[in-house]
>>> print(open('run.tsv').read())   # TSV, C-alpha atoms
chain	number	residue	atom	x	y	z
A	1	MET	CA	161.63	-25.80	-199.02
A	2	ALA	CA	161.80	-23.42	-196.01
A	3	THR	CA	159.29	-23.76	-193.20
A	4	ALA	CA	156.09	-22.12	-194.36
A	5	LYS	CA	155.38	-18.86	-192.61
A	6	LYS	CA	151.63	-19.15	-192.58
A	7	SER	CA	149.71	-17.38	-189.88
A	8	GLN	CA	146.32	-17.89	-188.36
A	9	GLY	CA	143.93	-15.21	-187.19
A	10	ASN	CA	145.59	-15.30	-183.76
A	11	GLY	CA	148.89	-14.13	-185.28
A	12	LEU	CA	150.84	-17.35	-184.70
A	13	THR	CA	153.04	-18.36	-187.58
A	14	GLU	CA	153.64	-22.01	-188.25
A	15	ALA	CA	157.16	-21.77	-186.87
A	16	GLN	CA	155.88	-20.17	-183.66
A	17	ALA	CA	153.16	-22.77	-183.30
A	18	ILE	CA	155.71	-25.58	-183.72
A	19	GLU	CA	157.95	-24.14	-181.01
A	20	ARG	CA	155.03	-23.69	-178.64
A	21	ALA	CA	153.71	-27.16	-179.39
A	22	LYS	CA	157.11	-28.55	-178.39
A	23	GLN	CA	156.47	-26.93	-175.00
A	24	GLY	CA	153.05	-28.60	-174.76
A	25	ASP	CA	150.92	-25.60	-175.62
A	26	ALA	CA	147.39	-26.84	-176.37
A	27	GLU	CA	146.48	-23.88	-178.53
A	28	ALA	CA	149.61	-24.35	-180.63
A	29	PHE	CA	148.65	-27.94	-181.39
A	30	GLU	CA	145.22	-26.79	-182.45
A	31	VAL	CA	146.68	-24.09	-184.68
A	32	LEU	CA	148.90	-26.65	-186.43
A	33	TYR	CA	145.96	-28.98	-186.80
A	34	GLY	CA	143.85	-26.20	-188.28
A	35	MET	CA	146.56	-25.30	-190.78
A	36	HIS	CA	146.90	-28.82	-192.16
A	37	LYS	CA	143.72	-30.73	-191.40
A	38	ARG	CA	142.19	-30.26	-194.86
A	39	ARG	CA	145.21	-31.52	-196.75
A	40	VAL	CA	145.70	-34.54	-194.49
A	41	TYR	CA	142.04	-35.51	-194.30
A	42	SER	CA	141.48	-35.06	-198.04
A	43	LEU	CA	144.47	-37.26	-198.77
A	44	CYS	CA	143.16	-39.98	-196.46
A	45	LEU	CA	139.67	-39.69	-197.93
A	46	ARG	CA	140.82	-39.89	-201.54
A	47	MET	CA	142.99	-42.92	-200.88
A	48	THR	CA	140.44	-44.88	-198.84
A	49	SER	CA	137.18	-43.56	-200.31
A	50	ASN	CA	135.67	-44.00	-196.84
A	51	ALA	CA	134.94	-41.02	-194.58
A	52	ALA	CA	135.06	-42.94	-191.29
A	53	GLU	CA	138.38	-44.59	-192.16
A	54	ALA	CA	139.74	-41.27	-193.36
A	55	GLU	CA	138.88	-39.63	-190.04
A	56	ASP	CA	140.62	-42.39	-188.10
A	57	LEU	CA	143.68	-42.22	-190.32
A	58	ALA	CA	143.87	-38.42	-190.19
A	59	GLN	CA	143.65	-38.62	-186.41
A	60	GLU	CA	146.44	-41.22	-186.33
A	61	ALA	CA	148.64	-39.16	-188.65
A	62	PHE	CA	148.33	-36.05	-186.50
A	63	LEU	CA	148.92	-38.00	-183.30
A	64	GLN	CA	152.08	-39.56	-184.72
A	65	LEU	CA	153.23	-36.13	-185.83
A	66	PHE	CA	152.55	-34.48	-182.48
A	67	ARG	CA	154.30	-37.27	-180.60
A	68	LYS	CA	157.41	-36.65	-182.67
A	69	ILE	CA	157.20	-32.89	-182.87
A	70	SER	CA	160.03	-32.40	-180.41
A	71	THR	CA	162.35	-33.96	-183.01
A	72	PHE	CA	161.38	-31.56	-185.80
A	73	ARG	CA	164.35	-29.36	-186.56
A	74	GLY	CA	163.07	-27.39	-189.51
A	75	GLU	CA	165.44	-28.67	-192.17
A	76	SER	CA	162.50	-29.46	-194.39
A	77	ALA	CA	159.02	-28.00	-194.57
A	78	PHE	CA	156.75	-29.11	-191.76
A	79	SER	CA	154.00	-29.71	-194.28
A	80	THR	CA	156.24	-32.04	-196.30
A	81	TRP	CA	157.04	-34.03	-193.17
A	82	LEU	CA	153.38	-34.26	-192.17
A	83	HIS	CA	152.29	-35.20	-195.66
A	84	ARG	CA	154.77	-38.02	-196.03
A	85	LEU	CA	153.80	-39.31	-192.63
A	86	SER	CA	150.12	-39.23	-193.61
A	87	VAL	CA	150.80	-41.15	-196.81
A	88	ASN	CA	152.69	-43.80	-194.84
A	89	VAL	CA	149.86	-44.12	-192.33
A	90	VAL	CA	147.36	-44.70	-195.13
A	91	LEU	CA	149.57	-47.14	-197.03
A	92	MET	CA	150.16	-49.16	-193.87
A	93	HIS	CA	146.43	-49.25	-193.28
A	94	LEU	CA	145.77	-50.47	-196.83
A	95	ARG	CA	148.42	-53.18	-196.47
A	96	LYS	CA	146.92	-54.35	-193.17
A	97	LYS	CA	143.55	-54.65	-194.87
A	98	GLY	CA	145.15	-56.82	-197.51
A	99	LEU	CA	144.30	-54.39	-200.25
A	100	PRO	CA	146.72	-54.11	-203.17
A	101	VAL	CA	148.56	-50.84	-202.71
A	102	VAL	CA	149.78	-51.05	-206.28
A	103	PRO	CA	148.68	-53.76	-208.70
A	104	LEU	CA	151.56	-55.93	-209.84
A	105	GLU	CA	152.59	-55.60	-213.42
A	106	ASP	CA	151.20	-58.59	-215.24
A	107	PRO	CA	153.56	-59.56	-218.05
A	108	LEU	CA	150.54	-60.94	-219.88
A	109	ASP	CA	148.58	-57.78	-219.31
A	110	THR	CA	149.24	-56.16	-222.63
A	111	ASP	CA	147.40	-53.23	-224.05
A	112	GLU	CA	144.97	-54.04	-226.76
A	113	GLU	CA	146.45	-54.80	-230.12
A	114	THR	CA	143.92	-52.47	-231.63
A	115	PRO	CA	143.45	-48.87	-230.53
A	116	ARG	CA	141.08	-48.37	-227.60
A	117	LYS	CA	137.49	-48.14	-228.70
A	118	GLU	CA	135.36	-45.28	-227.49
A	119	ILE	CA	132.75	-45.92	-224.80
A	120	GLY	CA	129.19	-44.78	-225.38
A	121	ALA	CA	127.91	-42.68	-228.16
A	122	PRO	CA	128.01	-39.99	-229.27
A	123	ASP	CA	131.70	-39.60	-228.68
A	124	VAL	CA	132.02	-36.22	-227.00
A	125	SER	CA	135.12	-34.96	-225.23
A	126	LEU	CA	135.05	-34.72	-221.44
A	127	ALA	CA	136.30	-31.15	-221.50
A	128	GLY	CA	133.64	-28.81	-220.15
A	129	SER	CA	131.31	-31.61	-219.09
A	130	ILE	CA	132.90	-32.83	-215.88
A	131	ASP	CA	133.61	-31.02	-212.66
A	132	ARG	CA	135.37	-31.74	-209.39
A	133	LEU	CA	132.40	-33.61	-207.96
A	134	HIS	CA	132.15	-35.94	-210.96
A	135	LEU	CA	135.83	-36.69	-210.77
A	136	GLN	CA	135.66	-37.15	-207.01
A	137	ASN	CA	132.92	-39.77	-207.39
A	138	ALA	CA	134.81	-41.53	-210.16
A	139	VAL	CA	138.03	-41.66	-208.12
A	140	GLY	CA	136.02	-43.25	-205.32
A	141	SER	CA	134.99	-46.01	-207.74
A	142	LEU	CA	138.52	-46.84	-208.83
A	143	PRO	CA	140.09	-50.12	-207.69
A	144	PRO	CA	142.31	-49.42	-204.65
A	145	GLY	CA	145.62	-49.94	-206.47
A	146	TYR	CA	144.79	-47.54	-209.29
A	147	ARG	CA	143.34	-45.06	-206.82
A	148	THR	CA	146.55	-44.97	-204.75
A	149	ILE	CA	148.76	-44.12	-207.71
A	150	PHE	CA	146.34	-41.60	-209.18
A	151	VAL	CA	145.87	-39.79	-205.87
A	152	LEU	CA	149.58	-39.68	-205.10
A	153	HIS	CA	150.55	-38.44	-208.57
A	154	ASP	CA	147.76	-36.36	-210.06
A	155	VAL	CA	146.06	-35.15	-206.86
A	156	GLU	CA	148.95	-34.79	-204.44
A	157	GLY	CA	151.72	-34.09	-206.93
A	158	TYR	CA	154.29	-36.75	-206.08
A	159	GLU	CA	156.74	-37.77	-208.78
A	160	HIS	CA	156.99	-41.37	-209.95
A	161	ASN	CA	160.34	-41.92	-208.26
A	162	GLU	CA	158.84	-40.77	-204.93
A	163	ILE	CA	155.77	-42.97	-205.43
A	164	ALA	CA	157.92	-45.95	-206.30
A	165	GLU	CA	159.88	-45.50	-203.10
A	166	MET	CA	156.78	-45.06	-200.94
A	167	VAL	CA	154.73	-47.94	-202.27
A	168	GLY	CA	157.56	-50.30	-203.12
A	169	CYS	CA	157.22	-50.65	-206.86
A	170	SER	CA	159.26	-49.73	-209.91
A	171	ILE	CA	159.03	-46.34	-211.59
A	172	GLY	CA	157.81	-48.08	-214.72
A	173	ASN	CA	155.03	-49.78	-212.79
A	174	SER	CA	154.01	-46.49	-211.25
A	175	LYS	CA	153.75	-44.86	-214.69
A	176	SER	CA	151.88	-47.80	-216.14
A	177	GLN	CA	149.35	-47.95	-213.31
A	178	LEU	CA	148.80	-44.19	-213.49
A	179	HIS	CA	147.96	-44.46	-217.17
A	180	LYS	CA	145.53	-47.29	-216.50
A	181	ALA	CA	143.94	-45.32	-213.67
A	182	ARG	CA	143.37	-42.34	-215.96
A	183	MET	CA	141.92	-44.57	-218.68
A	184	LYS	CA	139.62	-46.21	-216.16
A	185	LEU	CA	138.50	-42.81	-214.91
A	186	ARG	CA	137.75	-41.74	-218.45
A	187	GLU	CA	135.62	-44.82	-218.90
A	188	LEU	CA	133.79	-44.22	-215.60
A	189	LEU	CA	133.16	-40.56	-216.38
A	190	LYS	CA	131.83	-41.25	-219.86
A	191	THR	CA	129.58	-44.03	-218.59
A	192	SER	CA	128.26	-41.80	-215.82
A	193	ARG	CA	127.59	-39.00	-218.28
A	194	ALA	CA	125.83	-41.35	-220.69
A	195	GLU	CA	123.66	-42.72	-217.86
A	196	LYS	CA	122.64	-39.23	-216.77
A	197	ALA	CA	121.85	-38.26	-220.35
A	198	GLY	CA	119.61	-41.31	-220.62
A	199	LYS	CA	117.65	-40.50	-217.45
A	200	PRO	CA	114.16	-39.08	-218.02
B	1	MET	CA	152.53	-43.34	-236.88
B	2	THR	CA	149.58	-45.63	-236.14
B	3	CYS	CA	147.01	-45.11	-233.41
B	4	TYR	CA	148.42	-48.13	-231.58
B	5	GLU	CA	151.93	-46.68	-231.61
B	6	PHE	CA	150.62	-43.31	-230.52
B	7	GLN	CA	148.63	-44.75	-227.60
B	8	GLN	CA	151.69	-46.72	-226.45
B	9	GLU	CA	153.36	-43.37	-225.87
B	10	LEU	CA	150.30	-41.71	-224.35
B	11	PRO	CA	151.41	-41.84	-220.67
B	12	GLU	CA	154.35	-39.57	-221.43
B	13	LEU	CA	152.27	-37.20	-223.53
B	14	VAL	CA	149.83	-36.25	-220.78
B	15	ASP	CA	152.66	-35.12	-218.52
B	16	GLY	CA	155.10	-33.72	-221.03
B	17	GLY	CA	155.78	-32.40	-224.49
B	18	ARG	CA	155.34	-34.18	-227.82
B	19	THR	CA	157.42	-34.93	-230.86
B	20	ALA	CA	156.70	-33.71	-234.35
B	21	GLU	CA	155.52	-37.19	-235.30
B	22	GLN	CA	153.10	-37.31	-232.38
B	23	GLU	CA	151.86	-33.82	-233.17
B	24	SER	CA	151.28	-34.84	-236.76
B	25	HIS	CA	149.26	-37.88	-235.68
B	26	LEU	CA	147.18	-35.73	-233.32
B	27	ASN	CA	146.37	-33.33	-236.13
B	28	SER	CA	145.17	-36.16	-238.35
B	29	CYS	CA	143.42	-38.45	-235.86
B	30	ARG	CA	140.35	-37.15	-234.05
B	31	SER	CA	140.01	-40.23	-231.87
B	32	CYS	CA	143.55	-40.03	-230.45
B	33	SER	CA	143.28	-36.27	-230.15
B	34	GLU	CA	140.12	-36.57	-228.02
B	35	LEU	CA	141.65	-39.37	-225.97
B	36	LEU	CA	144.66	-37.22	-225.12
B	37	ALA	CA	142.42	-34.23	-224.39
B	38	ASP	CA	140.27	-36.30	-222.01
B	39	LEU	CA	143.25	-37.69	-220.11
B	40	THR	CA	144.69	-34.19	-219.82
B	41	VAL	CA	141.41	-32.82	-218.46
B	42	ILE	CA	141.31	-35.60	-215.85
B	43	SER	CA	144.91	-35.03	-214.82
B	44	GLU	CA	144.53	-31.26	-214.54
B	45	LEU	CA	141.21	-31.41	-212.67
B	46	ALA	CA	142.70	-33.86	-210.18
B	47	SER	CA	144.66	-31.20	-208.32
B	48	SER	CA	141.36	-29.55	-207.34
B	49	LEU	CA	140.71	-32.56	-205.13
B	50	GLN	CA	143.70	-31.71	-202.97
B	51	ALA	CA	142.75	-30.26	-199.59
B	52	SER	CA	139.11	-30.14	-200.64
B	53	GLU	CA	137.39	-31.67	-197.61
B	54	ASP	CA	137.17	-30.76	-193.95
B	55	PRO	CA	137.19	-33.49	-191.32
B	56	ASN	CA	134.44	-33.82	-188.76
B	57	PRO	CA	135.15	-31.53	-185.77
B	58	ARG	CA	135.19	-34.60	-183.52
B	59	VAL	CA	138.56	-35.60	-185.09
B	60	TRP	CA	140.22	-32.71	-183.29
B	61	ASN	CA	138.35	-33.61	-180.11
B	62	SER	CA	139.80	-37.11	-180.19
B	63	ILE	CA	143.31	-35.83	-180.95
B	64	GLU	CA	143.18	-33.34	-178.12
B	65	ALA	CA	141.90	-35.95	-175.68
B	66	ALA	CA	144.71	-38.33	-176.67
B	67	LEU	CA	147.36	-35.62	-176.35
B	68	ARG	CA	146.15	-34.74	-172.85
B	69	LYS	CA	146.04	-38.39	-171.84
B	70	GLU	CA	149.60	-38.88	-173.05
B	71	GLY	CA	150.75	-35.75	-171.22
B	72	LEU	CA	151.81	-33.96	-174.40
B	73	ILE	CA	149.58	-31.02	-173.57
B	74	ARG	CA	150.16	-29.04	-170.42
B	75	GLN	CA	147.58	-26.65	-168.97
B	76	PRO	CA	148.59	-23.03	-169.67
B	77	GLN	CA	149.71	-21.17	-166.54
B	78	ARG	CA	147.27	-18.40	-165.58
B	79	GLU	CA	148.49	-15.17	-164.07
B	80	PRO	CA	146.81	-14.54	-160.69
B	81	GLY	CA	145.16	-11.31	-161.85
B	82	LEU	CA	143.65	-12.93	-164.90
B	83	ALA	CA	142.40	-15.83	-162.80
B	84	LEU	CA	140.45	-13.43	-160.56
B	85	VAL	CA	139.03	-11.64	-163.59
B	86	SER	CA	137.93	-14.87	-165.25
B	87	ARG	CA	136.19	-16.06	-162.08
B	88	SER	CA	134.29	-12.83	-161.88
B	89	ARG	CA	133.06	-13.11	-165.51
B	90	PRO	CA	129.39	-13.86	-165.83
B	91	ARG	CA	128.89	-17.59	-166.41
B	92	PRO	CA	125.37	-17.74	-167.84
B	93	LEU	CA	126.52	-16.80	-171.36
B	94	ALA	CA	128.13	-20.21	-171.77
B	95	PHE	CA	124.96	-22.06	-170.84
B	96	TRP	CA	122.62	-20.66	-173.48
B	97	TRP	CA	124.42	-22.89	-175.97
B	98	ALA	CA	123.21	-25.99	-174.20
B	99	PRO	CA	119.64	-25.49	-175.45
B	100	VAL	CA	120.98	-24.50	-178.89
B	101	ALA	CA	123.04	-27.67	-179.16
B	102	ALA	CA	120.11	-29.66	-177.82
B	103	THR	CA	117.75	-28.07	-180.34
B	104	LEU	CA	120.07	-28.99	-183.19
B	105	LEU	CA	120.11	-32.58	-182.00
B	106	ILE	CA	116.33	-32.66	-181.54
B	107	VAL	CA	115.84	-31.34	-185.09
B	108	ALA	CA	118.26	-33.97	-186.32
B	109	GLY	CA	116.35	-36.67	-184.46
B	110	LEU	CA	112.96	-35.53	-185.75
B	111	LEU	CA	114.28	-35.48	-189.30
B	112	PHE	CA	115.70	-38.92	-188.85
B	113	TYR	CA	112.46	-40.38	-187.58
B	114	GLY	CA	110.51	-38.64	-190.32
B	115	GLN	CA	108.53	-36.39	-187.96
B	116	LEU	CA	109.61	-33.34	-189.94
B	117	PRO	CA	108.51	-33.66	-193.57
B	118	PHE	CA	111.14	-31.09	-194.53
B	119	SER	CA	109.52	-29.15	-197.26
B	120	ARG	CA	110.11	-25.55	-198.17
B	121	GLY	CA	107.40	-25.62	-200.77
B	122	SER	CA	103.80	-24.53	-200.64
B	123	ARG	CA	102.71	-28.07	-199.78
B	124	SER	CA	103.84	-27.69	-196.17
B	125	THR	CA	101.26	-26.83	-193.54
B	126	PRO	CA	101.76	-23.72	-191.44
B	127	ALA	CA	103.01	-25.88	-188.56
B	128	GLN	CA	105.45	-27.61	-190.85
B	129	ALA	CA	106.49	-24.35	-192.45
B	130	SER	CA	107.40	-22.98	-189.03
B	131	LEU	CA	110.08	-25.64	-188.77
B	132	SER	CA	111.24	-25.48	-192.35
B	133	GLY	CA	114.41	-24.12	-193.89
B	134	PRO	CA	114.34	-20.33	-193.84
B	135	LYS	CA	113.50	-20.07	-190.14
B	136	LEU	CA	116.11	-22.66	-189.22
B	137	ALA	CA	118.67	-20.77	-191.29
B	138	SER	CA	117.99	-17.45	-189.56
B	139	PHE	CA	118.07	-19.21	-186.18
B	140	ALA	CA	121.45	-20.65	-187.13
B	141	ASP	CA	122.98	-17.37	-188.39
B	142	LYS	CA	122.06	-15.42	-185.27
B	143	ASP	CA	123.37	-18.08	-182.90
B	144	ASP	CA	126.50	-18.67	-184.94
B	145	GLN	CA	127.37	-14.99	-184.64
B	146	GLN	CA	126.68	-14.95	-180.92
B	147	MET	CA	128.79	-18.06	-180.41
B	148	LEU	CA	131.70	-16.52	-182.28
B	149	GLU	CA	131.43	-13.34	-180.24
B	150	VAL	CA	131.68	-15.29	-177.02
B	151	VAL	CA	134.62	-17.37	-178.34
B	152	GLN	CA	136.26	-14.07	-179.23
B	153	ALA	CA	135.74	-12.88	-175.67
B	154	HIS	CA	137.05	-16.05	-174.01
B	155	ALA	CA	139.61	-17.41	-176.47
B	156	PRO	CA	140.29	-14.84	-179.20
B	157	GLY	CA	142.98	-16.99	-180.76
B	158	MET	CA	140.42	-19.64	-181.60
B	159	ARG	CA	137.79	-17.46	-183.23
B	160	ALA	CA	139.14	-18.01	-186.73
B	161	ALA	CA	139.20	-21.77	-186.25
B	162	TYR	CA	135.60	-21.83	-184.99
B	163	ALA	CA	134.48	-19.55	-187.82
B	164	ASN	CA	136.05	-21.96	-190.31
B	165	ASN	CA	134.41	-24.93	-188.62
B	166	LEU	CA	131.03	-23.22	-188.72
B	167	ARG	CA	131.44	-22.32	-192.38
B	168	ALA	CA	132.33	-25.91	-193.20
B	169	VAL	CA	129.50	-27.47	-191.22
B	170	ASN	CA	126.93	-24.94	-192.51
B	171	ALA	CA	128.00	-25.74	-196.06
B	172	TYR	CA	127.62	-29.43	-195.23
B	173	ILE	CA	124.10	-28.77	-193.88
B	174	GLN	CA	123.20	-26.76	-196.96
B	175	ASP	CA	124.39	-29.50	-199.33
B	176	ALA	CA	122.51	-32.11	-197.32
B	177	GLU	CA	119.35	-29.98	-197.30
B	178	GLU	CA	119.50	-29.63	-201.07
B	179	SER	CA	119.82	-33.38	-201.44
B	180	VAL	CA	116.77	-33.97	-199.26
B	181	GLN	CA	114.84	-31.31	-201.15
B	182	GLN	CA	115.55	-33.06	-204.42
B	183	ASP	CA	114.27	-36.33	-203.05
B	184	PRO	CA	112.58	-36.16	-199.63
B	185	ASN	CA	112.18	-39.95	-199.63
B	186	ASP	CA	115.91	-40.57	-199.98
B	187	GLU	CA	116.92	-42.21	-196.69
B	188	ASP	CA	120.63	-41.69	-197.30
B	189	ALA	CA	120.09	-37.98	-197.88
B	190	ARG	CA	118.07	-37.69	-194.66
B	191	GLU	CA	120.76	-39.54	-192.72
B	192	THR	CA	123.39	-37.23	-194.16
B	193	LEU	CA	121.35	-34.24	-193.02
B	194	VAL	CA	121.04	-35.70	-189.53
B	195	THR	CA	124.81	-36.21	-189.42
B	196	ALA	CA	125.36	-32.64	-190.56
B	197	TYR	CA	123.21	-31.28	-187.73
B	198	GLU	CA	124.97	-33.54	-185.25
B	199	GLN	CA	128.30	-32.15	-186.37
B	200	LYS	CA	127.09	-28.64	-185.80
B	201	ALA	CA	125.99	-29.60	-182.32
B	202	VAL	CA	129.52	-30.91	-181.69
B	203	VAL	CA	131.01	-27.55	-182.72
B	204	TYR	CA	128.73	-25.76	-180.27
B	205	GLU	CA	129.61	-28.24	-177.53
B	206	MET	CA	133.32	-27.70	-178.11
B	207	ALA	CA	132.84	-23.94	-177.97
B	208	MET	CA	130.80	-24.35	-174.80
B	209	ASP	CA	133.61	-26.37	-173.19
B	210	ARG	CA	136.04	-23.63	-174.05
B	211	SER	CA	133.91	-20.88	-172.62
B	212	LEU	CA	133.61	-22.49	-169.19
B	213	PRO	CA	136.35	-21.26	-166.83
>>> encode(input="run.tsv", output="structure tokens")
Amino acid sequence: MATAKKSQGNGLTEAQAIERAKQGDAEAFEVLYGMHKRRVYSLCLRMTSNAAEAEDLAQEAFLQLFRKISTFRGESAFSTWLHRLSVNVVLMHLRKKGLPVVPLEDPLDTDEETPRKEIGAPDVSLAGSIDRLHLQNAVGSLPPGYRTIFVLHDVEGYEHNEIAEMVGCSIGNSKSQLHKARMKLRELLKTSRAEKAGKP
Amino acid sequence: MTCYEFQQELPELVDGGRTAEQESHLNSCRSCSELLADLTVISELASSLQASEDPNPRVWNSIEAALRKEGLIRQPQREPGLALVSRSRPRPLAFWWAPVAATLLIVAGLLFYGQLPFSRGSRSTPAQASLSGPKLASFADKDDQQMLEVVQAHAPGMRAAYANNLRAVNAYIQDAEESVQQDPNDEDARETLVTAYEQKAVVYEMAMDRSLP
């Protein structure tokens, strides 16, 4: 992917801002921060489900990036570089906290012998009844391991081979945990909807 | 194909195509069909969470401070002529923001300590109504515009960034106000509103720092 040629209101493209930032230009740093802050912060927030932690991690990710910016040569997209760095910062943080980045595959953890039963009644599809906010809240309630895989794959768009490399698991484990995360989200969303329907 | 067999293959189905056998099972089994539909909705809606939140403006403040401390930022060189012009610019414009930022913090404090009942409805007294939403909103709009005009005059390259920050923090305030309106006794909602006002005060302070020569 070529370096993105985005521009801010001041006319600086990303490439120009990078070159100026290498020279220590304060405004250039701020332009780069402004271009990418949402993506980085949202990633940190989704993976930690904690705004204060997400702010600290976003700050750390940008600082690490800016310290290394003189080494950026433009072979890959700046955003890709920053994003990978942000993911690594968050994963390292989760590991330091002792949280499971990815749950281990339990050989005894088999799917039910019988098809999954529906939660709540009546059984109505989620389509049309959930929005971004509902899903956001449900993702925040996921166990950390499930949340990591779901955010990296469904939210951020990483492939299973990339996830496996980043988090240190097998591709099969990544796929399995993603499926469990989605099933758990379905359960959380249906329960939440049933609770709201039951409120006076 | 049984439901069990179908659900074993479900992870692949959400992300990819399906075989004739799977399609046939979907057409005959409402339960599995709805399950697949739900998982697909969740997966597709997930991408809307990407880049959906703005960080607190103080994050940039901390980054900038660290970069300066580590010597990664150098002060821009001023041309002599520009330096003379900037010294001759009137200073007072920068200082009117101090009372604005202070007012935002005072409002936040009063809300926090429950001195402002925060009601837009007819139940508020005239004194309370004078401090309620619509007046605060008009106060904010006018000052936001003035702040942006001065940023434009002193640091035109940063106007867009400040406009974005103001949009984000005003949206945050609006969401927080709606939460408090729904339940004025909700302590969490009131705290969120206080935080939102504090964030706006930070944006003004940052702009004020920039406007000082």
>>> interface_residues(input="run.tsv", of="chain B", to="chain A", cutoff="6 Å", atoms="only C-alpha atoms", output="list in words")
Cys3, Tyr4, Pro11, Glu34, Asp38, Ser43, Ala46, Ser47, Gln50, Ala51, Glu53, Asp54, Leu72, Ile73, Arg74, Gly157 and Ala160 of chain B
>>> write_last_selection(input="run.tsv", atoms="C-alpha atoms", output="mmCIF file, in the frame of the given file")
data_model
loop_
_atom_site.group_PDB
_atom_site.id
_atom_site.type_symbol
_atom_site.label_atom_id
_atom_site.label_comp_id
_atom_site.auth_asym_id
_atom_site.auth_seq_id
_atom_site.Cartn_x
_atom_site.Cartn_y
_atom_site.Cartn_z
ATOM 1 C CA CYS B 3 147.010 -45.110 -233.410
ATOM 2 C CA TYR B 4 148.420 -48.130 -231.580
ATOM 3 C CA PRO B 11 151.410 -41.840 -220.670
ATOM 4 C CA GLU B 34 140.120 -36.570 -228.020
ATOM 5 C CA ASP B 38 140.270 -36.300 -222.010
ATOM 6 C CA SER B 43 144.910 -35.030 -214.820
ATOM 7 C CA ALA B 46 142.700 -33.860 -210.180
ATOM 8 C CA SER B 47 144.660 -31.200 -208.320
ATOM 9 C CA GLN B 50 143.700 -31.710 -202.970
ATOM 10 C CA ALA B 51 142.750 -30.260 -199.590
ATOM 11 C CA GLU B 53 137.390 -31.670 -197.610
ATOM 12 C CA ASP B 54 137.170 -30.760 -193.950
ATOM 13 C CA LEU B 72 151.810 -33.960 -174.400
ATOM 14 C CA ILE B 73 149.580 -31.020 -173.570
ATOM 15 C CA ARG B 74 150.160 -29.040 -170.420
ATOM 16 C CA GLY B 157 142.980 -16.990 -180.760
ATOM 17 C CA ALA B 160 139.140 -18.010 -186.730
#
>>> atom_distance(input="run.tsv", atom1="CA of Ser141 in chain A", atom2="CA of Asn50 in chain A")
11.1 Å
>>> atom_distance(input="run.tsv", atom1="CA of Gln146 in chain B", atom2="CA of Val169 in chain B")
16.5 Å
>>> atom_distance(input="run.tsv", atom1="CA of Leu188 in chain A", atom2="CA of Leu35 in chain B")
13.9 Å
>>> residues_near_point(input="run.tsv", point="(129.8, -36.2, -185.2)", cutoff="10 Å", atoms="all atoms listed in the file", output="JSON, numbers by chain")
{"B": [55, 56, 57, 58, 59, 194, 195, 196, 197, 198, 199, 200, 201, 202, 203]}
>>> residues_around(input="run.tsv", residues="range 171-182 of chain B", least_positions_apart="5", cutoff="7 Å", atoms="all atoms listed in the file", output="MDAnalysis selection string")
chainID B and resid 119 189:190 192:193 196:197
>>> residues_around(input="run.tsv", residues="range 89-102 of chain A", least_positions_apart="5", cutoff="9 Å", atoms="only C-alpha atoms", output="tab-separated table (two decimals) with C-alpha atoms, in the coordinates of the input")
chain	number	residue	atom	x	y	z
A	43	LEU	CA	144.47	-37.26	-198.77
A	44	CYS	CA	143.16	-39.98	-196.46
A	47	MET	CA	142.99	-42.92	-200.88
A	48	THR	CA	140.44	-44.88	-198.84
A	54	ALA	CA	139.74	-41.27	-193.36
A	57	LEU	CA	143.68	-42.22	-190.32
A	58	ALA	CA	143.87	-38.42	-190.19
A	60	GLU	CA	146.44	-41.22	-186.33
A	61	ALA	CA	148.64	-39.16	-188.65
A	84	ARG	CA	154.77	-38.02	-196.03
A	143	PRO	CA	140.09	-50.12	-207.69
A	144	PRO	CA	142.31	-49.42	-204.65
A	145	GLY	CA	145.62	-49.94	-206.47
A	146	TYR	CA	144.79	-47.54	-209.29
A	147	ARG	CA	143.34	-45.06	-206.82
A	148	THR	CA	146.55	-44.97	-204.75
A	149	ILE	CA	148.76	-44.12	-207.71
A	166	MET	CA	156.78	-45.06	-200.94
A	167	VAL	CA	154.73	-47.94	-202.27
A	168	GLY	CA	157.56	-50.30	-203.12
A	169	CYS	CA	157.22	-50.65	-206.86
A	173	ASN	CA	155.03	-49.78	-212.79
A	174	SER	CA	154.01	-46.49	-211.25
A	177	GLN	CA	149.35	-47.95	-213.31
>>> closest_residue(input="run.tsv", among="B:Ala153, B:Ala163, B:Leu49, B:Leu36", to="Gln7 in chain B", atoms="all atoms listed in the file")
B:Leu36
>>> closest_residue(input="run.tsv", among="B:Asn165, B:Gln145, B:Thr2, B:Asn61", to="Cys29 in chain B", atoms="all atoms listed in the file")
B:Thr2
